[in-house]
file query_19.cif (mmCIF, C-alpha atoms)
data_final
loop_
_atom_site.label_atom_id
_atom_site.label_comp_id
_atom_site.auth_asym_id
_atom_site.auth_seq_id
_atom_site.Cartn_x
_atom_site.Cartn_y
_atom_site.Cartn_z
CA MET A 95 0.00 0.00 0.00
CA SER A 96 1.40 3.42 -0.92
CA CYS A 97 2.12 5.98 1.79
CA PHE A 98 -0.57 8.64 2.15
CA TYR A 99 1.85 11.13 3.70
CA CYS A 100 3.81 10.90 0.44
CA GLU A 101 0.82 10.74 -1.90
CA LYS A 102 -1.13 13.40 0.05
CA ASP A 103 -4.31 11.83 -1.33
CA GLN A 104 -7.87 11.46 -0.05
CA ARG A 105 -6.81 9.00 2.67
CA LEU A 106 -4.78 11.81 4.22
CA LEU A 107 -7.40 14.50 3.64
CA ASP A 108 -10.03 12.35 5.36
CA LEU A 109 -7.92 12.43 8.54
CA MET A 110 -6.42 15.91 8.51
CA LEU A 111 -6.44 19.35 6.91
CA PRO A 112 -3.23 20.74 5.34
CA LEU A 113 -2.24 23.90 7.23
CA ALA A 114 1.28 24.85 6.21
CA GLU A 115 4.55 23.83 4.70
CA LEU A 116 7.76 24.44 6.64
CA GLU A 117 11.28 23.76 5.44
CA TRP A 118 11.37 20.17 6.75
CA ALA A 119 7.80 19.41 7.78
CA ASP A 120 4.26 19.43 6.43
CA VAL A 121 1.78 20.60 9.06
CA TYR A 122 -1.78 19.35 9.39
CA LEU A 123 -4.76 19.98 11.65
CA PHE A 124 -6.19 16.65 12.85
CA ARG A 125 -9.92 16.31 12.07
CA ASP A 126 -10.75 14.53 15.31
CA GLN A 127 -10.59 17.52 17.65
CA LYS A 128 -11.23 15.86 21.04
CA HIS A 129 -8.07 17.69 22.14
CA PRO A 130 -8.64 21.16 20.66
CA GLY A 131 -5.68 22.25 18.56
CA ARG A 132 -4.23 18.78 17.90
CA CYS A 133 -1.89 18.88 14.92
CA ILE A 134 0.50 16.62 13.04
CA ALA A 135 3.97 17.50 11.73
CA ALA A 136 5.08 15.04 9.05
CA LEU A 137 8.60 14.77 7.67
CA LYS A 138 8.98 15.98 4.07
CA GLY A 139 10.40 12.94 2.32
CA HIS A 140 9.79 9.38 3.42
CA GLN A 141 11.68 7.86 6.33
CA ASP A 142 10.39 5.43 8.93
CA GLU A 143 12.70 5.83 11.92
CA ILE A 144 14.68 8.66 13.49
CA TRP A 145 18.10 7.11 12.74
CA GLN A 146 17.30 7.08 9.01
CA LEU A 147 17.19 10.89 8.92
CA GLU A 148 20.37 12.71 7.90
CA GLU A 149 21.67 14.93 10.71
CA ALA A 150 20.63 18.18 8.97
CA GLN A 151 17.19 16.75 8.28
CA ARG A 152 16.77 15.58 11.88
CA ASN A 153 17.88 18.95 13.26
CA GLY A 154 15.65 20.83 10.82
CA PHE A 155 12.64 18.62 11.38
CA PHE A 156 12.72 18.93 15.17
CA GLY A 157 13.23 22.67 14.80
CA ASP A 158 9.98 22.72 12.80
CA VAL A 159 8.28 20.48 15.37
CA SER A 160 9.33 22.93 18.06
CA LEU A 161 7.69 25.81 16.19
CA VAL A 162 4.42 23.93 15.61
CA ALA A 163 4.30 22.62 19.18
CA GLU A 164 4.69 26.10 20.62
CA ALA A 165 1.99 27.45 18.27
CA VAL A 166 -0.41 24.66 19.33
CA SER A 167 0.37 25.35 22.98
CA ARG A 168 -0.28 29.08 22.63
CA TYR A 169 -3.51 28.45 20.73
CA ALA A 170 -4.81 25.83 23.18
CA GLU A 171 -3.36 27.47 26.31
CA ALA A 172 -2.10 23.97 27.03
CA ASP A 173 -0.56 22.89 30.30
CA LYS A 174 1.49 20.23 28.47
CA ILE A 175 2.03 19.11 24.91
CA ASN A 176 2.19 15.37 24.24
CA TYR A 177 4.46 14.45 21.32
CA ALA A 178 4.01 10.97 19.86
CA ILE A 179 5.57 9.20 16.91
CA TYR A 180 3.94 5.79 16.48
CA GLY A 181 3.51 4.70 12.87
CA ASP A 182 3.27 0.91 13.34
CA LYS A 183 1.07 0.78 10.25
CA VAL A 184 1.63 4.21 8.67
CA SER A 185 5.36 4.30 9.14
CA HIS A 186 6.15 7.68 7.51
CA PHE A 187 7.91 9.69 10.24
CA HIS A 188 5.29 12.02 11.74
CA VAL A 189 4.62 13.55 15.16
CA HIS A 190 1.22 13.91 16.81
CA LEU A 191 1.15 17.15 18.81
CA VAL A 192 -1.62 16.86 21.36
CA PRO A 193 -2.35 19.73 23.77
CA LYS A 194 -3.40 18.67 27.27
CA LYS A 195 -5.05 20.71 30.02
CA GLU A 196 -4.66 19.98 33.70
CA GLY A 197 -7.79 18.11 34.81
CA GLY A 198 -8.97 17.87 31.20
CA LEU A 199 -9.42 14.92 28.85
CA GLN A 200 -6.85 12.15 29.41
CA TRP A 201 -4.70 14.37 31.64
CA GLY A 202 -1.96 12.21 33.18
CA GLY A 203 -2.41 9.37 30.70
CA PRO A 204 -1.57 8.84 27.05
CA PHE A 205 -4.07 10.31 24.59
CA THR A 206 -5.91 7.59 22.67
CA ASP A 207 -8.08 7.54 19.58
CA ASP A 208 -10.61 4.99 20.85
CA LEU A 209 -12.99 7.56 22.35
CA PRO A 210 -15.83 8.96 20.23
CA LYS A 211 -14.45 11.39 17.67
CA VAL A 212 -15.23 15.10 17.83
CA PHE A 213 -15.62 16.91 14.51
CA LEU A 214 -16.15 20.66 14.28
CA GLU A 215 -18.32 22.47 11.78
CA PRO A 216 -16.21 23.16 8.66
CA GLN A 217 -16.07 26.93 9.25
CA ASP A 218 -15.04 26.47 12.89
CA PHE A 219 -12.42 23.90 11.90
CA GLN A 220 -10.94 26.24 9.29
CA ALA A 221 -10.98 29.11 11.77
CA MET A 222 -9.05 26.98 14.25
CA GLY A 223 -6.50 26.24 11.53
CA ARG A 224 -6.09 29.94 10.78
CA GLU A 225 -5.63 30.72 14.48
CA ILE A 226 -2.85 28.13 14.78
CA LEU A 227 -1.25 29.43 11.58
CA ARG A 228 -1.27 32.93 13.04
CA ARG A 229 0.69 31.65 16.07
CA MET A 230 3.13 29.85 13.78
CA GLU A 231 3.76 33.12 11.94
CA GLU A 232 4.17 34.98 15.22
CA ILE A 233 6.72 32.46 16.50
CA ALA A 234 8.57 32.31 13.17
CA ALA A 235 8.94 36.11 13.37
CA GLU A 236 10.15 35.94 16.99
CA ARG A 237 12.75 33.34 16.00
CA LYS A 238 13.69 35.24 12.82
CA ARG A 239 12.76 32.22 10.72
CA THR A 240 11.22 31.96 7.26
CA PRO A 241 7.43 32.28 7.70
CA PRO A 242 5.33 29.16 7.08
CA LYS A 243 3.95 28.68 3.59
CA HIS A 244 0.18 28.71 4.05
CA LEU A 245 -1.86 25.86 2.62
CA LEU A 246 -5.16 27.08 4.07
CA MET B 111 7.16 18.03 44.36
CA SER B 112 10.76 17.84 43.16
CA CYS B 113 11.55 16.29 39.77
CA PHE B 114 12.84 12.69 40.02
CA TYR B 115 14.65 12.94 36.67
CA CYS B 116 16.68 15.76 38.24
CA GLU B 117 17.03 14.22 41.69
CA LYS B 118 17.66 10.70 40.32
CA ASP B 119 16.32 9.36 43.60
CA GLN B 120 14.44 6.22 44.63
CA ARG B 121 11.26 7.31 42.80
CA LEU B 122 13.23 7.09 39.56
CA LEU B 123 15.06 3.87 40.48
CA ASP B 124 11.74 2.18 41.27
CA LEU B 125 10.65 2.75 37.67
CA MET B 126 13.87 2.33 35.70
CA LEU B 127 17.50 1.21 35.79
CA PRO B 128 20.27 3.69 34.81
CA LEU B 129 22.08 2.34 31.73
CA ALA B 130 24.26 5.08 30.33
CA GLU B 131 25.06 8.72 30.13
CA LEU B 132 25.35 10.37 26.71
CA GLU B 133 26.31 13.96 26.01
CA TRP B 134 22.73 15.30 26.17
CA ALA B 135 20.67 12.41 27.53
CA ASP B 136 20.52 10.00 30.45
CA VAL B 137 19.45 6.54 29.31
CA TYR B 138 17.35 4.14 31.39
CA LEU B 139 15.92 0.65 30.99
CA PHE B 140 12.22 0.67 31.95
CA ARG B 141 11.43 -1.91 34.65
CA ASP B 142 8.04 -2.86 33.19
CA GLN B 143 9.26 -4.96 30.26
CA LYS B 144 5.96 -5.84 28.54
CA HIS B 145 7.66 -4.53 25.39
CA PRO B 146 11.11 -6.13 25.66
CA GLY B 147 13.84 -3.54 25.32
CA ARG B 148 11.77 -0.49 26.29
CA CYS B 149 14.03 2.39 27.33
CA ILE B 150 13.78 6.04 28.29
CA ALA B 151 16.06 8.86 27.14
CA ALA B 152 15.79 11.86 29.49
CA LEU B 153 17.19 15.31 28.79
CA LYS B 154 20.16 16.27 30.95
CA GLY B 155 18.98 19.48 32.60
CA HIS B 156 15.37 20.30 33.30
CA GLN B 157 13.07 21.55 30.56
CA ASP B 158 9.40 20.78 30.04
CA GLU B 159 8.72 21.45 26.37
CA ILE B 160 10.69 21.15 23.13
CA TRP B 161 10.70 24.90 22.44
CA GLN B 162 12.44 25.55 25.76
CA LEU B 163 15.55 23.69 24.57
CA GLU B 164 18.36 25.75 23.07
CA GLU B 165 19.01 24.79 19.44
CA ALA B 166 22.28 22.99 20.23
CA GLN B 167 20.62 21.12 23.07
CA ARG B 168 17.66 20.10 20.91
CA ASN B 169 19.94 18.92 18.10
CA GLY B 170 22.20 17.05 20.51
CA PHE B 171 19.36 15.47 22.44
CA PHE B 172 17.60 14.10 19.35
CA GLY B 173 20.96 12.85 18.09
CA ASP B 174 21.25 10.89 21.33
CA VAL B 175 17.63 9.69 21.03
CA SER B 176 18.46 8.46 17.54
CA LEU B 177 21.37 6.40 18.87
CA VAL B 178 19.33 4.85 21.69
CA ALA B 179 16.35 4.16 19.44
CA GLU B 180 18.49 2.31 16.92
CA ALA B 181 20.14 0.29 19.71
CA VAL B 182 16.73 -0.69 21.13
CA SER B 183 15.54 -1.63 17.65
CA ARG B 184 18.59 -3.82 16.98
CA TYR B 185 18.27 -5.48 20.37
CA ALA B 186 14.52 -6.13 20.08
CA GLU B 187 14.56 -6.81 16.31
CA ALA B 188 11.66 -4.36 16.29
CA ASP B 189 9.44 -3.71 13.30
CA LYS B 190 8.78 -0.17 14.56
CA ILE B 191 9.89 2.03 17.40
CA ASN B 192 7.27 4.16 19.13
CA TYR B 193 8.63 7.45 20.49
CA ALA B 194 6.50 9.23 23.06
CA ILE B 195 7.01 12.35 25.12
CA TYR B 196 4.06 12.80 27.49
CA GLY B 197 4.98 14.22 30.88
CA ASP B 198 1.61 15.66 31.95
CA LYS B 199 2.58 15.00 35.54
CA VAL B 200 6.35 14.35 35.29
CA SER B 201 7.11 17.17 32.93
CA HIS B 202 10.92 16.77 32.63
CA PHE B 203 11.53 16.30 28.89
CA HIS B 204 11.97 12.53 28.31
CA VAL B 205 11.22 10.11 25.51
CA HIS B 206 9.79 6.62 25.91
CA LEU B 207 11.32 4.33 23.28
CA VAL B 208 9.04 1.35 22.86
CA PRO B 209 9.90 -1.42 20.40
CA LYS B 210 6.91 -2.98 18.60
CA LYS B 211 6.69 -6.22 16.65
CA GLU B 212 4.23 -6.81 13.83
CA GLY B 213 1.35 -8.84 15.28
CA GLY B 214 2.79 -8.45 18.79
CA LEU B 215 1.52 -6.61 21.86
CA GLN B 216 -0.36 -3.39 21.01
CA TRP B 217 0.80 -3.46 17.38
CA GLY B 218 -1.08 -0.75 15.47
CA GLY B 219 -2.19 1.09 18.61
CA PRO B 220 -0.46 3.27 21.17
CA PHE B 221 1.40 1.39 23.91
CA THR B 222 -0.24 1.86 27.30
CA ASP B 223 0.79 1.19 30.86
CA ASP B 224 -2.58 -0.09 32.09
CA LEU B 225 -1.89 -3.76 31.31
CA PRO B 226 -0.35 -5.98 34.00
CA LYS B 227 3.32 -5.16 34.40
CA VAL B 228 6.04 -7.62 33.42
CA PHE B 229 9.17 -7.65 35.59
CA LEU B 230 12.18 -9.80 34.75
CA GLU B 231 14.43 -11.57 37.22
CA PRO B 232 17.18 -9.12 38.28
CA GLN B 233 19.95 -11.00 36.47
CA ASP B 234 17.90 -11.20 33.25
CA PHE B 235 17.01 -7.51 33.49
CA GLN B 236 20.66 -6.53 33.96
CA ALA B 237 21.66 -8.79 31.06
CA MET B 238 19.11 -7.05 28.83
CA GLY B 239 20.60 -3.71 29.85
CA ARG B 240 24.09 -4.89 28.96
CA GLU B 241 22.88 -6.14 25.56
CA ILE B 242 21.33 -2.77 24.76
CA LEU B 243 24.48 -0.99 25.94
CA ARG B 244 26.54 -3.19 23.61
CA ARG B 245 24.39 -2.03 20.66
CA MET B 246 24.75 1.59 21.78
CA GLU B 247 28.54 1.17 21.74
CA GLU B 248 28.41 -0.51 18.34
CA ILE B 249 26.34 2.33 16.87
CA ALA B 250 28.45 5.04 18.53
CA ALA B 251 31.51 3.46 16.87
CA GLU B 252 29.76 3.29 13.48
CA ARG B 253 28.85 6.97 13.76
CA LYS B 254 32.31 7.91 15.07
CA ARG B 255 30.74 9.32 18.23
CA THR B 256 31.98 9.37 21.82
CA PRO B 257 31.03 6.02 23.37
CA PRO B 258 28.31 6.02 26.04
CA LYS B 259 29.44 6.31 29.64
CA HIS B 260 28.27 3.08 31.27
CA LEU B 261 26.19 3.28 34.43
CA LEU B 262 25.60 -0.47 34.66
#
call {"tool": "encode", "arguments": {"input": "query_19.cif", "output": "C-alpha cells"}}
result
Amino acid sequence: MSCFYCEKDQRLLDLMLPLAELEWADVYLFRDQKHPGRCIAALKGHQDEIWQLEEAQRNGFFGDVSLVAEAVSRYAEADKINYAIYGDKVSHFHVHLVPKKEGGLQWGGPFTDDLPKVFLEPQDFQAMGREILRRMEEIAAERKRTPPKHLL
Amino acid sequence: MSCFYCEKDQRLLDLMLPLAELEWADVYLFRDQKHPGRCIAALKGHQDEIWQLEEAQRNGFFGDVSLVAEAVSRYAEADKINYAIYGDKVSHFHVHLVPKKEGGLQWGGPFTDDLPKVFLEPQDFQAMGREILRRMEEIAAERKRTPPKHLL
C-alpha cells in the first residue's frame, strides 16, 4: 500500500487538513478535535525511523516540530504538549502534537483515539486552523525564521 | 514536588535502571518490560517542552535519542519504534522508546501502561541492559561518536 503522507491523497485528507509547509515538515490539523488544537507535523520525504534521517534533516525537522508545538500550545493554552511518533502501520515519520489541560481529557495518561471522535463544523475547523497558523507566523517572526507557507 | 529525573532518587530507580550517560541524555531501561527492550532517554537538565531547549541542546538530544532508538531496535529486532514524550505530571523532557513487533503486543495502537506489568528476574534484566548498551557502543563506533558512559 502506498504511503498517504507521500501521496497526500484522499486517505490523508479524510484524517487531517493541510495547514502549512515548513522547510522540513508538512503541518496538518487533525480532524478529530477531542483535544482542541491537535496537529501533526510530518517529515517531508519518506523515512520510517529517526536514525534514518540525515543529521541536517533531523535537526531541521525537530526545529519545525518545536515551532508547531509552541503554536499549538499558545492556541490551546495547554498545560502540556504530548508528542508521539507511532507509525506501526503508517510508518512515515510524523509527530502527533496533542495539547493537554490539567484536569482535562486524558490528563496524566496517554491520549488515545478509541474515544468517540469530535468533529467541528467546517467553518469552525478552518478558523481553528487559521488561528494556529497565526501563532506559527508569530513564532517564526520571533525566532527570525522563514514564515510558514500557508496551505489554508 | 521535586523532579525525580533531576534528583535521580528512589522514585526514579523504582521505575527504571540507569544504563548510560550520553552527552545530552541520560538513558534508562524501563522496569516494566511488557515490550522487551523499552528504554527512556531523558534530557540532561530540566526543561518541560521542546521549544524551551536551546538549538544545540535540541539537536544534541535528538541525536542521542536516535542512537538509543536504533540500539533498542537492533536489540529487540523491532518492526517499529514508538517514540512518546508525554509528561503531563512528570514534565521533565523525556522520551519513551518502545519497540513494537508486527502482530505483537499493542501493534497498530499506542502502547499503554494499564496492562499488567512484566518484571524480569534481576539477572535477566541486567543482562538485557548490557545487551542494549553493547548495541549503543556498536552504533556510537559506526557513527564515530563518543562512546556512552556506562552506568551499569
call {"tool": "resolve_selection", "arguments": {"input": "query_19.cif", "expression": "the PyMOL selection byres ((chain B) within 6 of (chain A))", "output": "number ranges by chain"}}
result
B: 160-161, 169, 176, 190, 192-196, 198-199, 218
call {"tool": "resolve_selection", "arguments": {"input": "query_19.cif", "expression": "the PyMOL selection byres ((chain A and resi 110-122) around 7)", "output": "VMD selection string"}}
result
chain A and resid 106 to 109 123 to 125 133 to 138 151 154 to 155 158 223 242 to 246
call {"tool": "calpha_fit_and_write", "arguments": {"input": "query_19.cif", "fixed": "chain B", "moving": "chain A", "output": "tab-separated table (two decimals) with C-alpha atoms, in the coordinates of the input"}}
result
chain	number	residue	atom	x	y	z
A	95	MET	CA	7.12	18.02	44.35
A	96	SER	CA	10.73	17.84	43.15
A	97	CYS	CA	11.55	16.27	39.79
A	98	PHE	CA	12.83	12.70	40.02
A	99	TYR	CA	14.64	12.95	36.68
A	100	CYS	CA	16.67	15.76	38.25
A	101	GLU	CA	17.03	14.22	41.71
A	102	LYS	CA	17.66	10.70	40.32
A	103	ASP	CA	16.32	9.35	43.61
A	104	GLN	CA	14.44	6.20	44.63
A	105	ARG	CA	11.27	7.30	42.80
A	106	LEU	CA	13.24	7.08	39.56
A	107	LEU	CA	15.06	3.87	40.48
A	108	ASP	CA	11.74	2.18	41.28
A	109	LEU	CA	10.65	2.76	37.66
A	110	MET	CA	13.87	2.32	35.70
A	111	LEU	CA	17.49	1.21	35.77
A	112	PRO	CA	20.26	3.69	34.81
A	113	LEU	CA	22.07	2.33	31.74
A	114	ALA	CA	24.27	5.08	30.34
A	115	GLU	CA	25.07	8.73	30.12
A	116	LEU	CA	25.34	10.37	26.71
A	117	GLU	CA	26.32	13.96	26.01
A	118	TRP	CA	22.74	15.29	26.17
A	119	ALA	CA	20.68	12.41	27.53
A	120	ASP	CA	20.51	10.00	30.44
A	121	VAL	CA	19.44	6.54	29.32
A	122	TYR	CA	17.35	4.14	31.38
A	123	LEU	CA	15.91	0.65	30.99
A	124	PHE	CA	12.22	0.67	31.96
A	125	ARG	CA	11.42	-1.92	34.66
A	126	ASP	CA	8.05	-2.85	33.19
A	127	GLN	CA	9.27	-4.95	30.27
A	128	LYS	CA	5.97	-5.84	28.55
A	129	HIS	CA	7.66	-4.53	25.39
A	130	PRO	CA	11.11	-6.14	25.65
A	131	GLY	CA	13.85	-3.54	25.34
A	132	ARG	CA	11.76	-0.49	26.27
A	133	CYS	CA	14.01	2.38	27.31
A	134	ILE	CA	13.79	6.04	28.27
A	135	ALA	CA	16.07	8.87	27.15
A	136	ALA	CA	15.78	11.86	29.48
A	137	LEU	CA	17.18	15.31	28.78
A	138	LYS	CA	20.17	16.28	30.95
A	139	GLY	CA	18.99	19.47	32.60
A	140	HIS	CA	15.37	20.30	33.29
A	141	GLN	CA	13.08	21.56	30.55
A	142	ASP	CA	9.41	20.79	30.05
A	143	GLU	CA	8.73	21.44	26.37
A	144	ILE	CA	10.69	21.16	23.14
A	145	TRP	CA	10.69	24.92	22.44
A	146	GLN	CA	12.45	25.56	25.76
A	147	LEU	CA	15.55	23.69	24.59
A	148	GLU	CA	18.37	25.74	23.07
A	149	GLU	CA	19.00	24.77	19.44
A	150	ALA	CA	22.29	22.98	20.22
A	151	GLN	CA	20.63	21.11	23.07
A	152	ARG	CA	17.67	20.10	20.90
A	153	ASN	CA	19.94	18.92	18.09
A	154	GLY	CA	22.20	17.05	20.52
A	155	PHE	CA	19.35	15.48	22.44
A	156	PHE	CA	17.61	14.10	19.35
A	157	GLY	CA	20.96	12.85	18.09
A	158	ASP	CA	21.24	10.88	21.34
A	159	VAL	CA	17.64	9.69	21.02
A	160	SER	CA	18.46	8.45	17.54
A	161	LEU	CA	21.37	6.39	18.87
A	162	VAL	CA	19.33	4.84	21.70
A	163	ALA	CA	16.34	4.15	19.44
A	164	GLU	CA	18.50	2.31	16.92
A	165	ALA	CA	20.15	0.28	19.72
A	166	VAL	CA	16.73	-0.69	21.12
A	167	SER	CA	15.55	-1.64	17.64
A	168	ARG	CA	18.59	-3.82	16.98
A	169	TYR	CA	18.27	-5.49	20.38
A	170	ALA	CA	14.52	-6.13	20.07
A	171	GLU	CA	14.55	-6.81	16.31
A	172	ALA	CA	11.66	-4.37	16.28
A	173	ASP	CA	9.44	-3.72	13.30
A	174	LYS	CA	8.77	-0.17	14.54
A	175	ILE	CA	9.89	2.02	17.40
A	176	ASN	CA	7.26	4.16	19.12
A	177	TYR	CA	8.64	7.44	20.50
A	178	ALA	CA	6.48	9.24	23.06
A	179	ILE	CA	7.01	12.35	25.13
A	180	TYR	CA	4.07	12.81	27.49
A	181	GLY	CA	4.99	14.22	30.90
A	182	ASP	CA	1.61	15.67	31.96
A	183	LYS	CA	2.59	15.01	35.57
A	184	VAL	CA	6.35	14.37	35.32
A	185	SER	CA	7.11	17.18	32.95
A	186	HIS	CA	10.91	16.77	32.63
A	187	PHE	CA	11.53	16.30	28.89
A	188	HIS	CA	11.96	12.55	28.32
A	189	VAL	CA	11.22	10.11	25.50
A	190	HIS	CA	9.77	6.62	25.90
A	191	LEU	CA	11.32	4.33	23.27
A	192	VAL	CA	9.03	1.36	22.86
A	193	PRO	CA	9.89	-1.43	20.40
A	194	LYS	CA	6.91	-2.97	18.60
A	195	LYS	CA	6.69	-6.22	16.65
A	196	GLU	CA	4.24	-6.82	13.83
A	197	GLY	CA	1.35	-8.84	15.27
A	198	GLY	CA	2.77	-8.45	18.78
A	199	LEU	CA	1.52	-6.60	21.85
A	200	GLN	CA	-0.37	-3.39	21.01
A	201	TRP	CA	0.79	-3.47	17.38
A	202	GLY	CA	-1.09	-0.75	15.47
A	203	GLY	CA	-2.18	1.09	18.61
A	204	PRO	CA	-0.46	3.27	21.17
A	205	PHE	CA	1.40	1.39	23.90
A	206	THR	CA	-0.25	1.86	27.30
A	207	ASP	CA	0.80	1.18	30.86
A	208	ASP	CA	-2.57	-0.08	32.09
A	209	LEU	CA	-1.89	-3.75	31.31
A	210	PRO	CA	-0.35	-5.99	33.98
A	211	LYS	CA	3.32	-5.16	34.40
A	212	VAL	CA	6.04	-7.61	33.42
A	213	PHE	CA	9.17	-7.65	35.58
A	214	LEU	CA	12.19	-9.79	34.75
A	215	GLU	CA	14.44	-11.56	37.22
A	216	PRO	CA	17.18	-9.11	38.29
A	217	GLN	CA	19.95	-11.00	36.46
A	218	ASP	CA	17.91	-11.19	33.25
A	219	PHE	CA	17.02	-7.51	33.51
A	220	GLN	CA	20.67	-6.53	33.95
A	221	ALA	CA	21.67	-8.78	31.06
A	222	MET	CA	19.12	-7.05	28.85
A	223	GLY	CA	20.60	-3.70	29.86
A	224	ARG	CA	24.10	-4.88	28.95
A	225	GLU	CA	22.88	-6.15	25.57
A	226	ILE	CA	21.33	-2.76	24.75
A	227	LEU	CA	24.48	-0.99	25.94
A	228	ARG	CA	26.54	-3.18	23.62
A	229	ARG	CA	24.39	-2.02	20.67
A	230	MET	CA	24.76	1.60	21.77
A	231	GLU	CA	28.55	1.18	21.74
A	232	GLU	CA	28.41	-0.50	18.34
A	233	ILE	CA	26.34	2.33	16.86
A	234	ALA	CA	28.45	5.04	18.52
A	235	ALA	CA	31.52	3.46	16.86
A	236	GLU	CA	29.76	3.28	13.47
A	237	ARG	CA	28.84	6.96	13.75
A	238	LYS	CA	32.30	7.90	15.07
A	239	ARG	CA	30.74	9.31	18.23
A	240	THR	CA	31.97	9.37	21.81
A	241	PRO	CA	31.04	6.00	23.37
A	242	PRO	CA	28.31	6.00	26.04
A	243	LYS	CA	29.43	6.31	29.64
A	244	HIS	CA	28.26	3.09	31.27
A	245	LEU	CA	26.19	3.29	34.44
A	246	LEU	CA	25.58	-0.46	34.65
call {"tool": "atom_distance", "arguments": {"input": "query_19.cif", "atom1": "atom CA of Pro146 of chain B", "atom2": "atom CA of Ala186 of chain B"}}
result
6.5 Å
call {"tool": "atom_distance", "arguments": {"input": "query_19.cif", "atom1": "atom CA of Glu247 of chain B", "atom2": "atom CA of His140 of chain A"}}
result
27.5 Å
call {"tool": "atom_distance", "arguments": {"input": "query_19.cif", "atom1": "atom CA of Gln104 of chain A", "atom2": "atom CA of Ile226 of chain A"}}
result
22.9 Å
call {"tool": "build_atoms", "arguments": {"input": "query_19.cif", "residues": "segment 234-240 of chain B", "atoms": "all heavy atoms", "output": "short mmCIF file (atom, residue, chain, number, x, y, z; two decimals), in the frame of the given file"}}
result
data_model
loop_
_atom_site.label_atom_id
_atom_site.label_comp_id
_atom_site.auth_asym_id
_atom_site.auth_seq_id
_atom_site.Cartn_x
_atom_site.Cartn_y
_atom_site.Cartn_z
N ASP B 234 18.34 -11.29 34.64
CA ASP B 234 17.90 -11.20 33.25
C ASP B 234 17.73 -9.74 32.83
O ASP B 234 18.01 -9.35 31.69
CB ASP B 234 16.58 -11.95 33.05
CG ASP B 234 16.73 -13.44 33.31
OD1 ASP B 234 17.87 -13.95 33.20
OD2 ASP B 234 15.72 -14.09 33.65
N PHE B 235 17.23 -8.94 33.77
CA PHE B 235 17.01 -7.51 33.49
C PHE B 235 18.35 -6.80 33.27
O PHE B 235 18.52 -6.04 32.30
CB PHE B 235 16.24 -6.91 34.68
CG PHE B 235 15.78 -5.50 34.49
CD1 PHE B 235 14.95 -5.16 33.42
CD2 PHE B 235 16.13 -4.50 35.39
CE1 PHE B 235 14.51 -3.86 33.24
CE2 PHE B 235 15.68 -3.20 35.23
CZ PHE B 235 14.88 -2.88 34.16
N GLN B 236 19.31 -7.11 34.12
CA GLN B 236 20.66 -6.53 33.96
C GLN B 236 21.29 -7.00 32.64
O GLN B 236 21.95 -6.23 31.95
CB GLN B 236 21.55 -6.95 35.13
CG GLN B 236 21.07 -6.43 36.48
CD GLN B 236 22.02 -5.44 37.11
OE1 GLN B 236 23.17 -5.31 36.67
NE2 GLN B 236 21.57 -4.70 38.11
N ALA B 237 21.09 -8.26 32.30
CA ALA B 237 21.66 -8.79 31.06
C ALA B 237 21.05 -8.08 29.85
O ALA B 237 21.76 -7.76 28.89
CB ALA B 237 21.41 -10.31 30.97
N MET B 238 19.76 -7.81 29.91
CA MET B 238 19.11 -7.05 28.83
C MET B 238 19.75 -5.67 28.72
O MET B 238 20.06 -5.20 27.61
CB MET B 238 17.61 -6.91 29.11
CG MET B 238 16.87 -6.08 28.08
SD MET B 238 15.13 -5.76 28.54
CE MET B 238 14.36 -7.30 28.06
N GLY B 239 19.96 -5.02 29.85
CA GLY B 239 20.60 -3.71 29.85
C GLY B 239 21.97 -3.76 29.20
O GLY B 239 22.31 -2.89 28.39
N ARG B 240 22.75 -4.79 29.54
CA ARG B 240 24.09 -4.89 28.96
C ARG B 240 24.03 -5.13 27.45
O ARG B 240 24.84 -4.59 26.69
CB ARG B 240 24.89 -6.01 29.65
CG ARG B 240 25.41 -5.60 31.04
CD ARG B 240 26.41 -6.61 31.60
NE ARG B 240 25.81 -7.92 31.79
CZ ARG B 240 25.20 -8.31 32.92
NH1 ARG B 240 25.12 -7.51 33.96
NH2 ARG B 240 24.67 -9.52 33.01
#
